[in-house]
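One structure is given below, encoded as structure tokens.
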Amino acid sequence: MALGKGPAIKIKDRASISHRKVVEMLEQAAQKSGVSYQKEVLTFGGTNAAVLQRTKEGIPSATLSIPTRYVHSPSETVCLDDVEGAVKLLASFVNLELEF
């Protein structure tokens with residue numbers, strides 16, 4: 001992911017595959033709020049979304065990431081615009097009507 005190009009909507013990682021409808025809703029929220037976004041496929045690592053997907057019958061889930069350079073290090077770096085874009089996108093997302 002590139003810094004400064006918006007938050008990243010994760011399509012999959014090593015532990016989970018994002019629910020298609022949740023991804024579509026995140027994209028809709030980004031477009032509605034005017035936030036640029038990236039799509040992310042991570043071939044290593046994972047997030048807590050995997051646990052949600054495996055809870056009982058499964059919880060439709062996806063991950064919104066903030067692109068980070070030098071992740072998990074003392075010099076971890078993000079772009080403030082990406083962080084603010086993620087907040088704006090999520091605020092728009094929670095106001096969408098669920099379509100499941």
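We name chains A, B, ... following the order of the structure tokens; residues begin at 1 in each chain, and ligands are numbered from 1 as shown.
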
So that I can see what lies close to Gly58 of chain A, please list as a ChimeraX atom specification the residues with an atom at most 12 Å from it, counting only C-alpha atoms and leaving out residues fewer than 4 positions away in the same chain.
/A:16,18-19,49-54

Selection to disk with N, CA and C atoms, as an mmCIF file, in the first residue's frame:
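Result file follows (out.cif):
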```
data_model
loop_
_atom_site.group_PDB
_atom_site.id
_atom_site.type_symbol
_atom_site.label_atom_id
_atom_site.label_comp_id
_atom_site.auth_asym_id
_atom_site.auth_seq_id
_atom_site.Cartn_x
_atom_site.Cartn_y
_atom_site.Cartn_z
ATOM 1 N N SER A 16 -7.934 -14.480 6.558
ATOM 2 C CA SER A 16 -9.347 -14.264 6.250
ATOM 3 C C SER A 16 -9.556 -13.744 4.835
ATOM 4 N N SER A 18 -12.305 -11.144 3.147
ATOM 5 C CA SER A 18 -13.332 -10.185 3.530
ATOM 6 C C SER A 18 -14.674 -10.527 2.878
ATOM 7 N N HIS A 19 -15.740 -10.278 3.628
ATOM 8 C CA HIS A 19 -17.089 -10.516 3.120
ATOM 9 C C HIS A 19 -17.358 -9.533 1.983
ATOM 10 N N ALA A 49 -10.240 -9.862 12.115
ATOM 11 C CA ALA A 49 -11.421 -10.168 11.299
ATOM 12 C C ALA A 49 -11.583 -11.679 11.141
ATOM 13 N N ALA A 50 -10.480 -12.405 11.102
ATOM 14 C CA ALA A 50 -10.544 -13.860 10.955
ATOM 15 C C ALA A 50 -11.299 -14.504 12.106
ATOM 16 N N VAL A 51 -11.092 -13.995 13.310
ATOM 17 C CA VAL A 51 -11.782 -14.539 14.486
ATOM 18 C C VAL A 51 -13.286 -14.276 14.382
ATOM 19 N N LEU A 52 -13.641 -13.076 13.952
ATOM 20 C CA LEU A 52 -15.069 -12.748 13.796
ATOM 21 C C LEU A 52 -15.735 -13.663 12.775
ATOM 22 N N GLN A 53 -15.045 -13.944 11.694
ATOM 23 C CA GLN A 53 -15.611 -14.788 10.650
ATOM 24 C C GLN A 53 -15.848 -16.217 11.121
ATOM 25 N N ARG A 54 -15.138 -16.632 12.141
ATOM 26 C CA ARG A 54 -15.250 -18.007 12.625
ATOM 27 C C ARG A 54 -16.072 -18.129 13.904
#
```

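Looking only at segment 14-95 of chain A, the set that DSSP places in strand (DSSP E or B) from backbone geometry is Ile17, Gln38, Lys39, Glu40, Val41, Leu64, Ser65, Arg69 and Thr77 of chain A.
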
Once you have the residues from the selection above, write them out as a compact mmCIF listing (two decimals), in the first residue's frame, restricted to N, CA, C and O atoms.
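Listed below is the output, part15.txt:
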```
# COMPACT_ATOMS: atom_id res chain seq x y z
N ILE A 17 -10.78 -13.91 4.38
CA ILE A 17 -11.24 -13.32 3.12
C ILE A 17 -12.40 -12.42 3.50
O ILE A 17 -13.37 -12.86 4.12
N GLN A 38 -7.63 2.44 -1.33
CA GLN A 38 -6.88 1.41 -2.04
C GLN A 38 -7.48 0.06 -1.68
O GLN A 38 -8.11 -0.08 -0.65
N LYS A 39 -7.27 -0.91 -2.54
CA LYS A 39 -7.66 -2.29 -2.22
C LYS A 39 -6.39 -3.03 -1.82
O LYS A 39 -5.34 -2.87 -2.45
N GLU A 40 -6.51 -3.85 -0.79
CA GLU A 40 -5.35 -4.53 -0.25
C GLU A 40 -5.52 -6.04 -0.27
O GLU A 40 -6.54 -6.58 0.16
N VAL A 41 -4.51 -6.71 -0.78
CA VAL A 41 -4.39 -8.17 -0.67
C VAL A 41 -3.07 -8.41 0.04
O VAL A 41 -2.01 -8.05 -0.47
N LEU A 64 -10.42 -2.41 7.43
CA LEU A 64 -9.97 -1.15 6.85
C LEU A 64 -8.60 -0.86 7.45
O LEU A 64 -8.46 -0.77 8.67
N SER A 65 -7.60 -0.76 6.60
CA SER A 65 -6.23 -0.57 7.07
C SER A 65 -5.75 0.85 6.78
O SER A 65 -6.18 1.48 5.82
N ARG A 69 4.33 2.47 6.84
CA ARG A 69 5.71 2.13 6.48
C ARG A 69 6.43 1.75 7.77
O ARG A 69 6.19 2.34 8.82
N THR A 77 5.53 4.70 10.39
CA THR A 77 5.15 5.96 9.77
C THR A 77 3.83 5.82 9.02
O THR A 77 3.64 4.84 8.29
```

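Going from atom CA of Gly6 of chain A to atom CA of Ile59 of chain A covers 25.8 Å.
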
What's the 12 Å shell around Ser36 of chain A, counting only C-alpha atoms, without same-chain residues fewer than 4 positions away, as a ChimeraX atom specification?
/A:2-9,26-32,81-86,88-89

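Going from atom CA of Glu24 of chain A over to atom CA of Thr63 of chain A, you cover 12.1 Å.
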
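Residues in contact range of segment 94-98 of chain A, defined as at most 8 Å between only C-alpha atoms, with sequence neighbours fewer than 3 positions away removed, read Met25, Ala29, Leu90 and Ala91 of chain A.
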
Residues from last step as file, N, CA and C atoms, as a tab-separated table (two decimals), in the first residue's frame:
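Output contents, as saved in part.tsv:
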```
chain	number	residue	atom	x	y	z
A	25	MET	N	-19.88	-2.21	0.72
A	25	MET	CA	-20.40	-1.12	1.55
A	25	MET	C	-19.29	-0.15	1.95
A	29	ALA	N	-19.24	3.74	1.01
A	29	ALA	CA	-19.02	4.78	2.01
A	29	ALA	C	-17.87	5.70	1.60
A	90	LEU	N	-15.10	5.56	7.81
A	90	LEU	CA	-15.83	4.77	8.82
A	90	LEU	C	-17.06	5.51	9.33
A	91	ALA	N	-16.97	6.83	9.48
A	91	ALA	CA	-18.13	7.62	9.91
A	91	ALA	C	-19.24	7.51	8.88
```

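Atom pair atom CA of Phe44 of chain A / atom CA of Phe100 of chain A: separated by 29.2 Å.
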
Which of chain A counts as alpha helix (DSSP H) under DSSP, as a PyMOL selection string please?
chain A and resi 20-33+49-53+80-94
